[in-house]
Structure formats: structure tokens, C-alpha cells
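Data from query-v3.cif: mmCIF, C-alpha atoms
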```
data_final
loop_
_atom_site.group_PDB
_atom_site.id
_atom_site.type_symbol
_atom_site.label_atom_id
_atom_site.label_comp_id
_atom_site.auth_asym_id
_atom_site.auth_seq_id
_atom_site.Cartn_x
_atom_site.Cartn_y
_atom_site.Cartn_z
ATOM 1 C CA MET A 247 -18.214 -130.510 -227.090
ATOM 2 C CA ASP A 248 -19.682 -127.020 -226.744
ATOM 3 C CA LEU A 249 -22.343 -127.463 -224.062
ATOM 4 C CA ASN A 250 -24.217 -124.334 -225.123
ATOM 5 C CA GLU A 251 -24.606 -125.730 -228.648
ATOM 6 C CA SER A 252 -25.547 -129.256 -227.572
ATOM 7 C CA ILE A 253 -29.098 -130.522 -228.023
ATOM 8 C CA VAL A 254 -31.278 -131.058 -224.951
ATOM 9 C CA TYR A 255 -34.884 -132.046 -224.416
ATOM 10 C CA ALA A 256 -36.860 -129.405 -222.516
ATOM 11 C CA GLN A 257 -40.535 -128.502 -222.260
ATOM 12 C CA GLY A 258 -41.517 -131.145 -224.796
ATOM 13 C CA THR A 259 -39.092 -130.249 -227.599
ATOM 14 C CA PHE A 260 -35.472 -130.664 -228.644
ATOM 15 C CA ARG A 261 -33.540 -127.410 -228.463
ATOM 16 C CA ARG A 262 -30.094 -125.939 -227.896
ATOM 17 C CA TYR A 263 -28.830 -126.042 -224.331
ATOM 18 C CA ASP A 264 -28.391 -122.275 -224.402
ATOM 19 C CA ASP A 265 -32.081 -121.835 -225.257
ATOM 20 C CA ALA A 266 -33.273 -123.831 -222.230
ATOM 21 C CA ARG A 267 -32.903 -121.498 -219.277
ATOM 22 C CA VAL A 268 -34.727 -120.997 -215.984
ATOM 23 C CA GLY A 269 -35.548 -117.802 -214.124
ATOM 24 C CA LEU A 270 -33.876 -116.698 -210.913
ATOM 25 C CA LEU A 271 -37.088 -117.179 -208.925
ATOM 26 C CA THR A 272 -37.721 -120.705 -210.198
ATOM 27 C CA HIS A 273 -39.168 -122.720 -207.318
ATOM 28 C CA GLY A 274 -36.828 -125.680 -207.780
ATOM 29 C CA LEU A 275 -33.774 -123.405 -207.715
ATOM 30 C CA ASN A 276 -34.831 -121.562 -204.567
ATOM 31 C CA TYR A 277 -36.245 -124.465 -202.562
ATOM 32 C CA GLY A 278 -34.620 -127.619 -203.963
ATOM 33 C CA THR A 279 -37.980 -128.974 -205.124
ATOM 34 C CA GLY A 280 -36.825 -131.188 -207.947
ATOM 35 C CA CYS A 281 -35.811 -134.773 -208.706
ATOM 36 C CA PHE A 282 -33.190 -136.133 -211.052
ATOM 37 C CA GLU A 283 -31.531 -139.264 -212.342
ATOM 38 C CA GLY A 284 -28.121 -140.140 -213.710
ATOM 39 C CA ILE A 285 -27.930 -142.576 -216.617
ATOM 40 C CA ARG A 286 -24.665 -143.759 -218.156
ATOM 41 C CA GLY A 287 -24.030 -144.489 -221.775
ATOM 42 C CA PHE A 288 -20.978 -146.560 -222.794
ATOM 43 C CA TRP A 289 -19.445 -146.424 -226.259
ATOM 44 C CA ASN A 290 -18.514 -149.859 -227.609
ATOM 45 C CA GLU A 291 -16.003 -149.110 -230.345
ATOM 46 C CA SER A 292 -15.926 -152.619 -231.797
ATOM 47 C CA GLU A 293 -19.706 -152.587 -232.348
ATOM 48 C CA ARG A 294 -19.834 -148.844 -233.117
ATOM 49 C CA GLU A 295 -22.695 -148.638 -230.643
ATOM 50 C CA LEU A 296 -23.623 -146.537 -227.619
ATOM 51 C CA PHE A 297 -25.217 -148.629 -224.891
ATOM 52 C CA LEU A 298 -27.399 -147.006 -222.225
ATOM 53 C CA LEU A 299 -27.219 -148.930 -218.978
ATOM 54 C CA GLN A 300 -30.464 -149.765 -217.136
ATOM 55 C CA VAL A 301 -32.225 -146.794 -218.720
ATOM 56 C CA ARG A 302 -35.742 -148.054 -217.937
ATOM 57 C CA GLU A 303 -34.915 -148.739 -214.317
ATOM 58 C CA HIS A 304 -33.671 -145.183 -213.915
ATOM 59 C CA PHE A 305 -36.828 -143.662 -215.381
ATOM 60 C CA ASP A 306 -38.968 -145.902 -213.197
ATOM 61 C CA ARG A 307 -37.120 -144.588 -210.150
ATOM 62 C CA LEU A 308 -37.492 -141.009 -211.373
ATOM 63 C CA ALA A 309 -41.252 -141.507 -211.604
ATOM 64 C CA GLN A 310 -41.236 -142.730 -207.999
ATOM 65 C CA SER A 311 -39.191 -139.736 -206.850
ATOM 66 C CA ALA A 312 -41.454 -137.327 -208.712
ATOM 67 C CA GLY A 313 -44.563 -138.809 -207.130
ATOM 68 C CA ILE A 314 -43.164 -138.230 -203.654
ATOM 69 C CA LEU A 315 -42.866 -134.519 -204.505
ATOM 70 C CA LEU A 316 -46.373 -134.396 -206.019
ATOM 71 C CA MET A 317 -45.086 -134.316 -209.592
ATOM 72 C CA GLN A 318 -45.780 -136.524 -212.587
ATOM 73 C CA LEU A 319 -43.495 -137.265 -215.516
ATOM 74 C CA PRO A 320 -44.913 -136.062 -218.840
ATOM 75 C CA HIS A 321 -44.262 -139.392 -220.596
ATOM 76 C CA THR A 322 -44.278 -143.106 -219.876
ATOM 77 C CA THR A 323 -41.005 -144.895 -219.234
ATOM 78 C CA GLU A 324 -40.937 -146.325 -222.759
ATOM 79 C CA GLU A 325 -41.589 -142.887 -224.262
ATOM 80 C CA LEU A 326 -38.795 -141.406 -222.164
ATOM 81 C CA VAL A 327 -36.434 -144.132 -223.338
ATOM 82 C CA GLU A 328 -37.217 -143.228 -226.950
ATOM 83 C CA VAL A 329 -36.695 -139.525 -226.260
ATOM 84 C CA THR A 330 -33.343 -140.277 -224.643
ATOM 85 C CA LEU A 331 -32.182 -142.447 -227.527
ATOM 86 C CA GLU A 332 -33.122 -139.745 -230.027
ATOM 87 C CA LEU A 333 -31.294 -137.184 -227.918
ATOM 88 C CA CYS A 334 -28.146 -139.315 -228.150
ATOM 89 C CA VAL A 335 -28.522 -139.621 -231.912
ATOM 90 C CA ARG A 336 -29.089 -135.880 -232.368
ATOM 91 C CA ASN A 337 -25.881 -135.186 -230.458
ATOM 92 C CA ARG A 338 -23.998 -137.842 -232.465
ATOM 93 C CA PHE A 339 -22.302 -139.249 -229.392
ATOM 94 C CA GLU A 340 -19.494 -141.715 -230.064
ATOM 95 C CA GLU A 341 -18.004 -141.702 -226.577
ATOM 96 C CA ASN A 342 -19.029 -142.443 -223.001
ATOM 97 C CA ILE A 343 -21.781 -140.126 -221.814
ATOM 98 C CA TYR A 344 -23.842 -139.129 -218.810
ATOM 99 C CA VAL A 345 -27.575 -138.438 -219.147
ATOM 100 C CA ARG A 346 -29.327 -136.205 -216.600
ATOM 101 C CA PRO A 347 -33.167 -136.299 -216.633
ATOM 102 C CA LEU A 348 -34.610 -133.641 -214.335
ATOM 103 C CA ILE A 349 -38.083 -132.637 -213.204
ATOM 104 C CA PHE A 350 -38.520 -129.593 -211.001
ATOM 105 C CA LYS A 351 -41.119 -127.171 -209.695
ATOM 106 C CA SER A 352 -40.923 -124.319 -212.181
ATOM 107 C CA MET A 353 -43.226 -121.623 -210.821
ATOM 108 C CA GLU A 354 -41.428 -118.267 -210.509
ATOM 109 C CA ASP A 355 -42.830 -116.988 -207.249
ATOM 110 C CA VAL A 356 -42.045 -116.761 -203.549
ATOM 111 C CA GLY A 357 -43.662 -119.412 -201.370
ATOM 112 C CA VAL A 358 -42.514 -122.840 -200.246
ATOM 113 C CA ARG A 359 -44.920 -125.724 -200.846
ATOM 114 C CA LEU A 360 -45.387 -128.717 -203.143
ATOM 115 C CA HIS A 361 -49.070 -128.600 -204.103
ATOM 116 C CA ASN A 362 -50.461 -126.510 -206.952
ATOM 117 C CA VAL A 363 -47.028 -125.710 -208.371
ATOM 118 C CA PRO A 364 -46.358 -126.422 -212.081
ATOM 119 C CA GLU A 365 -43.329 -128.453 -213.067
ATOM 120 C CA THR A 366 -40.879 -128.648 -215.964
ATOM 121 C CA PHE A 367 -39.130 -131.742 -217.310
ATOM 122 C CA ALA A 368 -35.815 -131.818 -219.160
ATOM 123 C CA ILE A 369 -33.046 -134.186 -220.236
ATOM 124 C CA VAL A 370 -29.422 -133.164 -220.732
ATOM 125 C CA ALA A 371 -26.726 -135.490 -222.074
ATOM 126 C CA LEU A 372 -23.010 -134.805 -222.209
ATOM 127 C CA PRO A 373 -19.689 -136.586 -222.723
ATOM 128 C CA TYR A 374 -18.413 -138.153 -219.521
ATOM 129 C CA THR A 375 -15.370 -140.161 -218.529
ATOM 130 C CA SER A 376 -15.277 -141.045 -214.841
ATOM 131 C CA TYR A 377 -16.293 -139.757 -211.424
ATOM 132 C CA PHE A 378 -13.153 -141.051 -209.723
ATOM 133 C CA ASP A 379 -9.716 -142.101 -210.867
ATOM 134 C CA GLY A 380 -10.403 -145.804 -211.251
ATOM 135 C CA THR A 381 -6.729 -146.809 -211.219
ATOM 136 C CA SER A 382 -6.184 -146.102 -207.533
ATOM 137 C CA GLY A 383 -8.246 -146.574 -204.418
ATOM 138 C CA LEU A 384 -9.999 -143.860 -202.470
ATOM 139 C CA LYS A 385 -8.849 -142.279 -199.239
ATOM 140 C CA VAL A 386 -12.091 -142.213 -197.263
ATOM 141 C CA CYS A 387 -13.239 -140.706 -193.979
ATOM 142 C CA VAL A 388 -16.353 -141.130 -191.887
ATOM 143 C CA SER A 389 -18.127 -137.789 -192.070
ATOM 144 C CA SER A 390 -19.182 -135.709 -189.097
ATOM 145 C CA TRP A 391 -22.396 -135.071 -191.023
ATOM 146 C CA ARG A 392 -25.168 -137.660 -190.637
ATOM 147 C CA ARG A 393 -27.272 -138.922 -193.521
ATOM 148 C CA ALA A 394 -30.601 -137.097 -193.602
ATOM 149 C CA ASP A 395 -33.261 -139.328 -192.096
ATOM 150 C CA ASP A 396 -36.218 -140.514 -194.151
ATOM 151 C CA THR A 397 -38.505 -138.661 -191.739
ATOM 152 C CA ILE A 398 -36.730 -135.423 -192.709
ATOM 153 C CA CYS A 399 -36.316 -135.830 -196.464
ATOM 154 C CA PRO A 400 -37.280 -139.076 -198.238
ATOM 155 C CA ALA A 401 -34.090 -141.062 -198.788
ATOM 156 C CA ARG A 402 -35.641 -143.227 -201.508
ATOM 157 C CA ALA A 403 -36.277 -140.191 -203.695
ATOM 158 C CA LYS A 404 -33.423 -138.610 -205.616
ATOM 159 C CA ILE A 405 -34.375 -135.084 -204.552
ATOM 160 C CA THR A 406 -32.190 -132.153 -205.593
ATOM 161 C CA GLY A 407 -32.446 -130.334 -202.263
ATOM 162 C CA ASN A 408 -31.355 -133.420 -200.337
ATOM 163 C CA TYR A 409 -27.935 -133.288 -201.980
ATOM 164 C CA VAL A 410 -26.897 -130.401 -199.737
ATOM 165 C CA ASN A 411 -26.390 -133.197 -197.201
ATOM 166 C CA SER A 412 -24.014 -134.918 -199.625
ATOM 167 C CA ALA A 413 -22.220 -131.708 -200.607
ATOM 168 C CA LEU A 414 -21.448 -130.877 -196.975
ATOM 169 C CA ALA A 415 -19.949 -134.324 -196.421
ATOM 170 C CA LYS A 416 -17.991 -134.322 -199.688
ATOM 171 C CA SER A 417 -16.440 -130.903 -199.159
ATOM 172 C CA GLU A 418 -15.579 -131.704 -195.558
ATOM 173 C CA ALA A 419 -13.786 -134.844 -196.759
ATOM 174 C CA GLN A 420 -11.875 -133.233 -199.619
ATOM 175 C CA MET A 421 -10.891 -130.139 -197.630
ATOM 176 C CA ASN A 422 -9.410 -132.499 -195.035
ATOM 177 C CA GLY A 423 -7.351 -134.397 -197.612
ATOM 178 C CA PHE A 424 -9.684 -137.324 -198.331
ATOM 179 C CA ASP A 425 -11.326 -138.344 -201.601
ATOM 180 C CA GLU A 426 -14.725 -139.388 -200.323
ATOM 181 C CA ALA A 427 -16.890 -139.525 -197.207
ATOM 182 C CA ILE A 428 -19.068 -142.169 -195.606
ATOM 183 C CA LEU A 429 -22.161 -140.867 -193.847
ATOM 184 C CA LEU A 430 -23.702 -142.607 -190.875
ATOM 185 C CA SER A 431 -27.425 -142.846 -190.242
ATOM 186 C CA HIS A 432 -29.105 -140.966 -187.385
ATOM 187 C CA ASP A 433 -28.462 -143.929 -185.045
ATOM 188 C CA GLY A 434 -24.814 -144.347 -186.013
ATOM 189 C CA HIS A 435 -24.964 -147.155 -188.565
ATOM 190 C CA VAL A 436 -23.204 -146.975 -191.905
ATOM 191 C CA SER A 437 -25.461 -145.427 -194.547
ATOM 192 C CA GLU A 438 -23.678 -144.558 -197.811
ATOM 193 C CA GLY A 439 -21.093 -142.346 -199.502
ATOM 194 C CA SER A 440 -21.815 -138.798 -200.603
ATOM 195 C CA ALA A 441 -23.247 -140.094 -203.875
ATOM 196 C CA GLU A 442 -22.689 -143.848 -203.803
ATOM 197 C CA ASN A 443 -23.871 -146.989 -202.088
ATOM 198 C CA LEU A 444 -21.374 -148.999 -200.060
ATOM 199 C CA PHE A 445 -20.378 -152.651 -199.685
ATOM 200 C CA ILE A 446 -17.977 -154.462 -197.399
ATOM 201 C CA VAL A 447 -16.500 -157.930 -197.855
ATOM 202 C CA LYS A 448 -16.110 -160.026 -194.731
ATOM 203 C CA GLY A 449 -15.764 -163.761 -194.307
ATOM 204 C CA GLY A 450 -16.358 -164.420 -197.999
ATOM 205 C CA ALA A 451 -19.751 -162.668 -197.997
ATOM 206 C CA LEU A 452 -20.833 -159.298 -199.315
ATOM 207 C CA HIS A 453 -22.564 -156.983 -196.833
ATOM 208 C CA THR A 454 -24.376 -153.720 -197.624
ATOM 209 C CA PRO A 455 -26.496 -151.336 -195.537
ATOM 210 C CA ASP A 456 -30.174 -152.251 -195.698
ATOM 211 C CA VAL A 457 -32.834 -149.789 -196.826
ATOM 212 C CA ALA A 458 -33.633 -148.813 -193.220
ATOM 213 C CA GLN A 459 -30.279 -146.979 -193.087
ATOM 214 C CA ASN A 460 -31.639 -144.090 -195.205
ATOM 215 C CA ILE A 461 -29.883 -145.160 -198.378
ATOM 216 C CA LEU A 462 -30.892 -144.385 -201.917
ATOM 217 C CA GLU A 463 -31.774 -147.767 -203.409
ATOM 218 C CA GLY A 464 -29.191 -147.630 -206.156
ATOM 219 C CA VAL A 465 -29.602 -149.171 -209.574
ATOM 220 C CA THR A 466 -25.897 -150.013 -209.646
ATOM 221 C CA ARG A 467 -26.179 -151.420 -206.114
ATOM 222 C CA ARG A 468 -28.846 -153.832 -207.365
ATOM 223 C CA ASN A 469 -26.701 -154.767 -210.375
ATOM 224 C CA VAL A 470 -23.714 -155.547 -208.165
ATOM 225 C CA MET A 471 -25.837 -157.678 -205.851
ATOM 226 C CA THR A 472 -27.061 -159.612 -208.879
ATOM 227 C CA LEU A 473 -23.537 -160.123 -210.234
ATOM 228 C CA ALA A 474 -22.242 -161.274 -206.848
ATOM 229 C CA ARG A 475 -24.991 -163.832 -206.380
ATOM 230 C CA ARG A 476 -25.494 -165.070 -209.928
ATOM 231 C CA ALA A 477 -22.068 -164.839 -211.528
ATOM 232 C CA LEU A 478 -19.725 -165.205 -208.567
ATOM 233 C CA GLY A 479 -21.804 -167.286 -206.152
ATOM 234 C CA ILE A 480 -21.173 -164.860 -203.294
ATOM 235 C CA GLU A 481 -23.722 -164.466 -200.520
ATOM 236 C CA VAL A 482 -25.110 -160.924 -200.255
ATOM 237 C CA ILE A 483 -26.484 -159.702 -196.923
ATOM 238 C CA ALA A 484 -28.325 -156.381 -196.477
ATOM 239 C CA ARG A 485 -28.185 -155.335 -192.821
ATOM 240 C CA ALA A 486 -27.172 -152.643 -190.353
ATOM 241 C CA ILE A 487 -23.388 -152.175 -190.373
ATOM 242 C CA ASP A 488 -21.439 -150.602 -187.508
ATOM 243 C CA ARG A 489 -18.696 -148.038 -188.103
ATOM 244 C CA SER A 490 -16.002 -150.270 -186.615
ATOM 245 C CA GLU A 491 -16.857 -152.967 -189.172
ATOM 246 C CA LEU A 492 -15.442 -150.683 -191.849
ATOM 247 C CA TYR A 493 -12.019 -150.900 -190.207
ATOM 248 C CA ALA A 494 -12.160 -154.698 -189.869
ATOM 249 C CA ALA A 495 -13.489 -155.436 -193.384
ATOM 250 C CA ASP A 496 -11.493 -157.440 -195.907
ATOM 251 C CA GLU A 497 -12.625 -155.052 -198.645
ATOM 252 C CA VAL A 498 -14.744 -151.909 -198.876
ATOM 253 C CA PHE A 499 -16.071 -150.477 -202.113
ATOM 254 C CA PHE A 500 -18.572 -147.971 -203.477
ATOM 255 C CA THR A 501 -21.084 -148.341 -206.287
ATOM 256 C CA GLY A 502 -23.020 -145.747 -208.245
ATOM 257 C CA THR A 503 -24.064 -144.727 -211.723
ATOM 258 C CA ALA A 504 -21.396 -142.042 -211.966
ATOM 259 C CA ALA A 505 -18.796 -143.801 -209.814
ATOM 260 C CA GLY A 506 -19.190 -147.297 -211.224
ATOM 261 C CA VAL A 507 -17.412 -149.710 -208.860
ATOM 262 C CA GLN A 508 -14.583 -148.094 -206.879
ATOM 263 C CA PHE A 509 -12.630 -149.517 -203.946
ATOM 264 C CA ALA A 510 -11.545 -147.799 -200.746
ATOM 265 C CA ALA A 511 -7.800 -147.953 -200.100
ATOM 266 C CA SER A 512 -8.150 -146.573 -196.586
ATOM 267 C CA ILE A 513 -10.808 -145.423 -194.129
ATOM 268 C CA ASP A 514 -9.918 -142.875 -191.468
ATOM 269 C CA HIS A 515 -6.226 -143.528 -192.266
ATOM 270 C CA ARG A 516 -6.633 -147.277 -191.727
ATOM 271 C CA PRO A 517 -5.582 -149.337 -194.791
ATOM 272 C CA VAL A 518 -8.176 -151.617 -196.351
ATOM 273 C CA SER A 519 -6.950 -154.747 -198.157
ATOM 274 C CA GLY A 520 -3.403 -153.431 -197.969
ATOM 275 C CA GLY A 521 -4.450 -150.323 -199.868
ATOM 276 C CA GLN A 522 -5.119 -152.385 -203.007
ATOM 277 C CA ALA A 523 -8.232 -153.595 -204.795
ATOM 278 C CA GLY A 524 -9.245 -156.914 -203.261
ATOM 279 C CA PRO A 525 -10.185 -160.025 -205.256
ATOM 280 C CA VAL A 526 -13.949 -159.551 -204.892
ATOM 281 C CA VAL A 527 -14.085 -155.936 -206.027
ATOM 282 C CA ARG A 528 -11.753 -156.718 -208.938
ATOM 283 C CA ARG A 529 -14.018 -159.490 -210.191
ATOM 284 C CA ILE A 530 -17.184 -157.472 -209.702
ATOM 285 C CA ARG A 531 -15.756 -154.388 -211.402
ATOM 286 C CA GLU A 532 -14.566 -156.396 -214.388
ATOM 287 C CA LEU A 533 -17.965 -158.067 -214.807
ATOM 288 C CA TYR A 534 -19.845 -154.807 -214.315
ATOM 289 C CA GLU A 535 -17.784 -152.977 -216.924
ATOM 290 C CA ARG A 536 -18.189 -155.808 -219.426
ATOM 291 C CA ALA A 537 -21.954 -155.719 -218.888
ATOM 292 C CA ALA A 538 -22.078 -151.922 -219.205
ATOM 293 C CA TYR A 539 -20.331 -152.021 -222.576
ATOM 294 C CA GLY A 540 -22.643 -154.766 -223.846
ATOM 295 C CA ARG A 541 -19.849 -157.365 -223.820
ATOM 296 C CA GLU A 542 -21.419 -159.808 -221.368
ATOM 297 C CA PRO A 543 -24.093 -161.905 -223.150
ATOM 298 C CA ALA A 544 -25.783 -162.972 -219.903
ATOM 299 C CA TYR A 545 -26.521 -159.325 -219.081
ATOM 300 C CA ARG A 546 -27.162 -157.951 -222.543
ATOM 301 C CA ASP A 547 -30.699 -157.076 -221.440
ATOM 302 C CA TRP A 548 -29.204 -154.487 -219.064
ATOM 303 C CA VAL A 549 -28.231 -152.241 -221.965
ATOM 304 C CA THR A 550 -30.196 -150.469 -224.683
ATOM 305 C CA PRO A 551 -28.465 -149.499 -227.964
ATOM 306 C CA ALA A 552 -28.870 -145.850 -228.921
ATOM 307 C CA TYR A 553 -28.182 -146.287 -232.609
ATOM 308 C CA GLY A 554 -29.129 -149.684 -233.993
ATOM 309 C CA LYS A 555 -31.855 -148.989 -236.547
ATOM 310 C CA ARG A 556 -31.444 -145.268 -235.883
ATOM 311 C CA ARG A 557 -27.957 -145.165 -237.408
ATOM 312 C CA GLN A 558 -29.224 -143.831 -240.729
ATOM 313 C CA ALA A 559 -31.034 -141.074 -238.861
ATOM 314 C CA VAL A 560 -27.736 -139.655 -237.585
ATOM 315 C CA HIS A 561 -27.202 -137.858 -240.861
ATOM 316 C CA ALA A 562 -30.696 -136.374 -240.810
ATOM 317 C CA PHE A 563 -30.033 -134.065 -237.859
#
```
File written out as C-alpha cells:
Amino acid sequence: MDLNESIVYAQGTFRRYDDARVGLLTHGLNYGTGCFEGIRGFWNESERELFLLQVREHFDRLAQSAGILLMQLPHTTEELVEVTLELCVRNRFEENIYVRPLIFKSMEDVGVRLHNVPETFAIVALPYTSYFDGTSGLKVCVSSWRRADDTICPARAKITGNYVNSALAKSEAQMNGFDEAILLSHDGHVSEGSAENLFIVKGGALHTPDVAQNILEGVTRRNVMTLARRALGIEVIARAIDRSELYAADEVFFTGTAAGVQFAASIDHRPVSGGQAGPVVRRIRELYERAAYGREPAYRDWVTPAYGKRRQAVHAF
């Protein structure tokens, strides 16, 4: 796919990616004053359908993030869903994709603030395979960088500028030979990965950092908690987790829109579950992937078909 020739939604219209540019002085570029979401689409070959996973939940969270930065989405959630589905149809996607809605302060001027600054909204969609190699586990380290506290930059908002925190941790990890990093909160409790939520399995229960640990309240995190409780009958506990608990856990895994469900093979050079995917993460990942592709009837309401009645419209664009 030629990204420059792909169709995007920007400033209220569909246009070529190459025609949707921002200036060098754009406020969001200079000061990180923007919010975004990541939405996955999964191509189900047997049904010849592209399913968008939890698309409404993502737009609801984007509206929350935007409000924190004194911005307002230009459409309702249902309108944004329709725009996104049409965007998929216009691009004729028949493969797994990633959708990136973005709202940012678009004034071209010098001066850092949030009030009285106009904003621009856009959606970009592109083919996407995977964030990690799902066939092997991750070599993980605990980062020397701490997760930005909610009193510094709101953790519950998916703010562009806040991802400098994640980028520092990720690069530190990879430049030191690891695949991913785990950030601790300001008081030393486990927070999350560079772009994923985290779970540990211990004593037959699933444990995950609670919202007081400056985590982004992930959509995939919520899905996994639902699958564990409803489908697998596993107790899920949200609480403060100490660093040493990572080393003593039966299993450790990450969840995220881009990452899906991915297990840690080692943490700080200490093997987890013998370096293999444990039984809990295997079951959860299998269920999650079936749900994402629209193959799990009990969770069919998690996905929204992009084509359906729109299939005839594919040839119109």
C-alpha cells in the first residue's frame, strides 16, 4: 500500500494522505498537545469481512482524553464509527489494519497553553500485522524511567506528549538488548509497559496494577479481565504490585490494542514460566484472537463489520 495515495479523513473530508499535511509550527507538533487512539481491524477471510474491535469504546476514550486537553471531537461516537467504516471501505482493506484517530491543537504560533487554541481532527488507517513477534516471548527489563505521575500529565488520557515517557523507556530497553520495558510508578509499584498494560498470574488468580498506579485504562485490558472472569472463571484482582512480584509470578503478560496479548519470557534476565507461554496466557490469547476476528459468538458484540451492507459501495470509490 502506498501511504501517500491512501485515503484519510482530515478536516471534515476524505482526502489523500499526501494532501493532509501540517505546518512546522503546529502547536501539537511543538508542544505535544494532542490525543490519539489505536483501533484494530481484523480480516476474517472465511466471512470476507473486516471486523473493527471495540471501535465505540476507543472513540469514547478519545472524547475523554480530548476533554482533558480542552478539546472536543467534531462528531459523536456513532458518527465517528460511520466515518471509520467508510474510510475502511474507501481503502478497500482486505487485511488486518490499524486505525489512528488523532485530535491535536493546530494553531501555527509560538506560545504554550491549552485554552483558545483551535484543533484539527483526523483519522488514518493502514495495513498492520503485529507489534511484537507473537511466536516467542519477550525479554523484558524494569526501566530506570518512572511512569509519569497523574499529577504531572494525566495518565488516563492518551496524550501525544506523554509518550516521550514511553519512548525513553522503550529505547533504553532495546538498546540494552531487551524487547520491552516495565515502568514503575513514582512510589515504586509496577505501572505498565511502554505501550501496554500488564498482568501477572499467581496462585491461580490474575493480578493487574490498579488505576492508582498511573496506568492508561486499556480497552484490551478490560477485554482480558472480562474473558478471564466470564469465560475462564479466573479471579481478577486490581491492586498495587511490587517489583519483586514480577520475578516470583507464575506468568507475566502484556495487553494492548497494538500488542494484543503477549507473554514475557524473562524479566531482568530471570525466566518466567520457563521462558514459555503459560497455560493462562495461552487460553486468554486464543479466546481474545477468536473474539477479535468475530469467531467467538459470545463476544460478537465486541466487533463491528466494516463491509456488511457497504460491500456494494466498494466499487463506487
Starting from 8 Å padding per side, set up an axis-aligned box that covers all listed atoms of segment 484-494 of chain A and hand over centre and edge lengths in Å, one decimal, as JSON.
```
{"center_x": -20.2, "center_y": -152.2, "center_z": -191.5, "size_x": 32.3, "size_y": 24.3, "size_z": 25.9}
```
Among A:Cys399, A:Val436, A:Met317, A:Ala256, Val329 of chain A is approached most closely, using all atoms listed in the file, by A:Ala256
On this structure, which residues satisfy the PyMOL selection byres ((chain A and resi 374-391) around 8), written as number ranges by chain?
A: 341-344, 372-373, 392-393, 411, 414-415, 418-419, 424-430, 504-505, 508-515, 521-523
Going by the chain IDs and residue numbers used in this file, which residues fall under the PyMOL selection byres ((chain A and resi 492-502) around 8)? Write them as a PyMOL selection string.
chain A and resi 439+441-449+464-467+470+488-491+503-510+513+516+518-519+523-524+526-527
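Interatomic distance, atom CA of Pro525 of chain A to atom CA of Thr454 of chain A: 17.3 Å.
Across A:Phe350, A:Tyr545, A:Tyr409, A:Phe367, the tightest approach to His273 of chain A is made by A:Phe350 when counting all atoms listed in the file.
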Between segment 255-282 of chain A and segment 299-312 of chain A, at 12 Å or less, what are the per-residue closest atom pairs and their distances in Å? Count all atoms listed in the file, order by chain and rising residue number, and return it as a tab-separated table.
```
residue	atom	partner	partner_atom	distance
A:Thr279	CA	A:Ala312	CA	9.7
A:Gly280	CA	A:Ala312	CA	7.7
A:Cys281	CA	A:Ala312	CA	6.2
A:Phe282	CA	A:Leu308	CA	6.5
```
Of the residues A:Ile405, A:Ile253, A:Leu452, A:Cys334, which is the one nearest to Trp289 of chain A, using only C-alpha atoms?
A:Cys334
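Taking atom CA of Ala266 of chain A and atom CA of Leu326 of chain A as the two end points, the separation is 18.4 Å.
We find atom CA of Ile483 of chain A and atom CA of His453 of chain A to be spaced 4.8 Å apart.
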Determine, counting only C-alpha atoms, which protein, DNA and RNA residues have an atom within 12 Å of an atom of Val356 of chain A; residues of the same chain fewer than 6 positions away are not included. Present the result as a PDB file with C-alpha atoms, in the coordinates of the input.
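Just written: part_22.pdb:
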```pdb
ATOM      1  CA  LEU A 270     -33.876-116.698-210.913  1.00  0.00           C
ATOM      2  CA  LEU A 271     -37.088-117.179-208.925  1.00  0.00           C
ATOM      3  CA  THR A 272     -37.721-120.705-210.198  1.00  0.00           C
ATOM      4  CA  HIS A 273     -39.168-122.720-207.318  1.00  0.00           C
ATOM      5  CA  GLY A 274     -36.828-125.680-207.780  1.00  0.00           C
ATOM      6  CA  LEU A 275     -33.774-123.405-207.715  1.00  0.00           C
ATOM      7  CA  ASN A 276     -34.831-121.562-204.567  1.00  0.00           C
ATOM      8  CA  TYR A 277     -36.245-124.465-202.562  1.00  0.00           C
ATOM      9  CA  VAL A 363     -47.028-125.710-208.371  1.00  0.00           C
TER      10      VAL A 363
END
```
May I have the protein, DNA and RNA residues with any atom at most 12 Å from the point (-27.6, -126.0, -228.1), counting all atoms listed in the file, written as number ranges by chain?
A: 247-256, 260-267, 333, 336-337, 370-372
Run the PyMOL selection byres ((chain A and resi 533-539) around 7) against the file shown and list the residues it catches, as a ChimeraX atom specification.
/A:288-290,297,299,529-532,540-542,545-546,549
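The residue that comes closest to Lys416 of chain A, out of A:His432, A:Arg338, A:Asp547, A:Ser440 and on the basis of only C-alpha atoms, is A:Ser440.
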Option closest in space to His321 of chain A, from A:Ala394, A:Ala413, A:Ala403, A:Ala368 [counting all atoms listed in the file]
A:Ala368
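Distance annotation: of A:Gly287, A:Gly278, A:Pro455, A:Pro347, the residue with the minimal separation from Ala552 of chain A is A:Gly287; atom set is all atoms listed in the file.
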